[in-house]
Amino acid sequence: MHDSIFQSFFLIFTGAAVIASLALYTRQPLLVAYIALGALLGPYGLGFITDLSLVTDMSHIGIIFLLFLLGLDMQPKALFAVLKKATSVGLISSAVFALGGYGVGYAFGFSHMENLVIGMAMMFSSTIIGIKLLPTTVLHHKHTGELMVGLLLMQDFLAILCLMILLSGDVGEVDLSQLGTTLIALPLLGLFAFVFVKYVLLKLIHKFDRFHEYIFLLAIGWCLGFAELAAYAGLSAEIGAFIAGISIATSPIAQYIAINLKPLRDFFLILFFFSIGAQFNLSLLPDIIVAASLLATAILVIKPMTFRFLLGRLSEKTSLAWDIGFRLGQISEFSLLIAFVASNAALIGEKASVLIQATAIITFLVSSYIVIFNYPNPIAVSDRLRRD
């Protein structure tokens with residue numbers, strides 16, 4: 001079927017409105033509904049939407065806006081303080097998860113390179129799910145939110161490093177010159193962002209703050225422009241968006257921008273979760289369902305236990321350690337990107353790619369249920385747990 005932009009948007013958002021209504025009536029999380037809708041309408045389901053390139057590209061913008069808003073909520077001093085504590089936990093936990101992924105892949109007969117990629121994909125937790133299911137008051141003002149953000153940022157840095165390894169050289173070899181350039185680019189971009197904000201952006205905001213449309217436009221331009229600059233410098237658009245957000249976090253205008261951009265972010269995140277479901281190749285499911293179920297179960301068990309142990313070693317409260325462990329008890333949207341890059345580079349076969357996708361979807365769904373039914377979150381089905 002030929003897809004037009006209007007037809008695709010009609011099917012996605014009208015379908016999302018219908019299935020979200022059903023989900024709320026049956027007390028199910030909306031995130032599950034969006035992924036299920038993608039699987040139903042996508043090329044491997046009913047085939048109503050066959051061209052996913054546009055949807056996938058647009059959904060990526062949702063991740064960029066999410067990290068921009070995350071940056072707006074982080075004070076630089078608090079960020080550096082929490083990163084200091086999160087570094088050891090992030091590095092050790094990522095190594096544990098990578099070994100677990102490699103072991104499961106090895107047990108099911110995947111090649112050494114495929115097992116390395118599977119291990120890479122298991123290292124990270126979802127920024128979108130972790131932050132989306134965290135109450136705003138916890139994210140902004142409490143130690144739990146700061147610690148979660150620190151762990152997710154550490155994982156994001158590791159994910160970017162993995163992507164650079166996959167994208168550089170031949171057969172996964174590292175291009176050291178490209179890697180060195182990228183590592184140098186990170187602090188330089190951060191310095192440039194703070195200088196530009198101080199001497200240009202904030203002066204424009206102060207001069208024209210009466211024009212709300214202009215502030216909205218300026219914020220979007222700064223977010224997307226710096227994301228593109230970071231991508232050009234060899235980093236990722238997501239890291240660029242975060243730097244853009246944190247560079248104006250100390251400004252009084254930061255919270256005004258955050259409130260006004262949230263509906264735009266949610267629009268694109270619906271596309272993101274739809275695209276996850278739509279890209280899943282259902283025809284290969286019988287071949288990898290046992291491996292995916294075992295790998296997902298291992299992740300859902302090992303991640304909370306690992307975070308509980310490591311955070312407990314840092315003298316964090318047991319309840320907080322379990323809370324963070326279950327909120328980060330899934331793999332990441334970066335895992336899907338790693339699978340895509342590795343597959344395009346012919347480092348892994350289609351079965352290994354689908355295994356990572358299936359594990360991502362299973363862990364997204366199950367971990368969301370665990371959090372929604374047991375911990376405070378904005379979309380809880382229980383009034384006792386619902387926190388905005």
# chains A, B, ... in the order shown; residues from 1 in each chain; ligands from 1
call {"tool": "residues_around", "arguments": {"residues": "A:Ile370", "least_positions_apart": "6", "cutoff": "10 Å", "atoms": "only C-alpha atoms", "output": "list in words"}}
result
Leu300, Phe326, Arg327 and Gly329 of chain A
call {"tool": "residues_around", "arguments": {"residues": "A:Ala17", "least_positions_apart": "5", "cutoff": "12 Å", "atoms": "only C-alpha atoms", "output": "PyMOL selection string"}}
result
chain A and resi 9-12+22-24+30+33-34+37+270
call {"tool": "residues_around", "arguments": {"residues": "A:Ile61", "least_positions_apart": "4", "cutoff": "9 Å", "atoms": "only C-alpha atoms", "output": "ChimeraX atom specification"}}
result
/A:57,65-66,224,265,268-269,272
call {"tool": "residues_around", "arguments": {"residues": "A:Ile128", "least_positions_apart": "5", "cutoff": "9 Å", "atoms": "only C-alpha atoms", "output": "list in words"}}
result
Ile63, Leu66, Leu67, Leu133, Leu269, Ser332 and Glu333 of chain A
call {"tool": "write_last_selection", "arguments": {"atoms": "C-alpha atoms", "output": "PDB file, in the first residue's frame"}}
result
ATOM      1  CA  ILE A  63      14.309  11.243  21.927  1.00  0.00           C
ATOM      2  CA  LEU A  66      13.393  14.273  25.778  1.00  0.00           C
ATOM      3  CA  LEU A  67      17.116  14.715  26.413  1.00  0.00           C
ATOM      4  CA  LEU A 133       7.742   6.698  34.355  1.00  0.00           C
ATOM      5  CA  LEU A 269       7.486   9.815  21.466  1.00  0.00           C
ATOM      6  CA  SER A 332      17.447   0.615  25.764  1.00  0.00           C
ATOM      7  CA  GLU A 333      16.414   2.355  22.576  1.00  0.00           C
TER       8      GLU A 333
END
call {"tool": "residues_around", "arguments": {"residues": "A:Leu311", "least_positions_apart": "4", "cutoff": "12 Å", "atoms": "only C-alpha atoms", "output": "NGL selection string"}}
result
:A and (85-90 or 92-93 or 144 or 147-148 or 151 or 303-307 or 315-325)
call {"tool": "write_last_selection", "arguments": {"atoms": "C-alpha atoms", "output": "short mmCIF file (atom, residue, chain, number, x, y, z; two decimals), in the first residue's frame"}}
result
data_model
loop_
_atom_site.label_atom_id
_atom_site.label_comp_id
_atom_site.auth_asym_id
_atom_site.auth_seq_id
_atom_site.Cartn_x
_atom_site.Cartn_y
_atom_site.Cartn_z
CA LYS A 85 28.75 8.55 42.31
CA ALA A 86 27.17 6.97 39.22
CA THR A 87 30.41 6.28 37.34
CA SER A 88 31.50 3.16 39.24
CA VAL A 89 27.97 1.75 39.38
CA GLY A 90 27.41 2.44 35.68
CA ILE A 92 30.47 -2.27 36.71
CA SER A 93 26.78 -2.90 36.00
CA THR A 144 16.36 9.21 43.29
CA LEU A 147 20.95 9.23 40.69
CA MET A 148 18.83 7.74 37.89
CA LEU A 151 23.30 6.32 35.66
CA LYS A 303 19.46 -5.69 36.35
CA PRO A 304 17.45 -4.95 39.52
CA MET A 305 19.63 -7.30 41.58
CA THR A 306 22.85 -5.77 40.24
CA PHE A 307 21.74 -2.19 40.88
CA SER A 315 25.27 3.13 51.33
CA GLU A 316 22.06 3.94 49.45
CA LYS A 317 18.81 2.85 51.13
CA THR A 318 17.53 -0.60 50.20
CA SER A 319 14.16 0.76 49.06
CA LEU A 320 15.82 3.36 46.81
CA ALA A 321 18.21 0.76 45.33
CA TRP A 322 15.33 -1.60 44.43
CA ASP A 323 13.30 1.34 43.06
CA ILE A 324 16.09 2.40 40.69
CA GLY A 325 16.88 -1.22 39.81
#
call {"tool": "closest_residue", "arguments": {"among": "A:Leu166, A:Val55, A:Ala292, A:Val371", "to": "A:Val117", "atoms": "only C-alpha atoms"}}
result
A:Leu166
call {"tool": "residues_around", "arguments": {"residues": "A:Leu191", "least_positions_apart": "6", "cutoff": "12 Å", "atoms": "only C-alpha atoms", "output": "VMD selection string"}}
result
chain A and resid 184 to 185 197 to 198 243 to 244 246 to 247
call {"tool": "write_last_selection", "arguments": {"atoms": "C-alpha atoms", "output": "tab-separated table (two decimals), in the first residue's frame"}}
result
chain	number	residue	atom	x	y	z
A	184	ILE	CA	38.13	15.97	22.22
A	185	ALA	CA	34.94	17.36	20.65
A	197	VAL	CA	24.22	30.87	25.75
A	198	LYS	CA	25.80	33.47	28.03
A	243	ILE	CA	24.28	19.71	26.29
A	244	ALA	CA	21.98	22.33	24.73
A	246	ILE	CA	21.94	21.89	30.44
A	247	SER	CA	23.65	24.99	29.05
call {"tool": "closest_residue", "arguments": {"among": "A:Ile215, A:Ala98, A:Ala20, A:Leu202", "to": "A:Leu158", "atoms": "only C-alpha atoms"}}
result
A:Ala98
call {"tool": "residues_around", "arguments": {"residues": "stretch 226-228 of chain A", "least_positions_apart": "2", "cutoff": "12 Å", "atoms": "only C-alpha atoms", "output": "NGL selection string"}}
result
:A and (60-61 or 63-65 or 67-68 or 189-190 or 192-194 or 196-197 or 218-224 or 230-247)
call {"tool": "closest_residue", "arguments": {"among": "A:Met58, A:Leu284, A:Phe97, A:Met120", "to": "A:Leu161", "atoms": "only C-alpha atoms"}}
result
A:Met120
call {"tool": "select_by_dssp", "arguments": {"residues": "stretch 87-320 of chain A", "states": "alpha helix (DSSP H)", "output": "MDAnalysis selection string"}}
result
chainID A and resid 87:107 112:122 127:132 136:141 143:167 176:196 202:207 212:232 237:246 254:278 285:313 318:320
call {"tool": "closest_residue", "arguments": {"among": "A:Ala296, A:Leu188, A:Ile129, A:Ala258", "to": "A:Gly71", "atoms": "only C-alpha atoms"}}
result
A:Ala258
call {"tool": "closest_residue", "arguments": {"among": "A:Asn260, A:Ala121, A:Asn344, A:Val32", "to": "A:Tyr369", "atoms": "only C-alpha atoms"}}
result
A:Val32
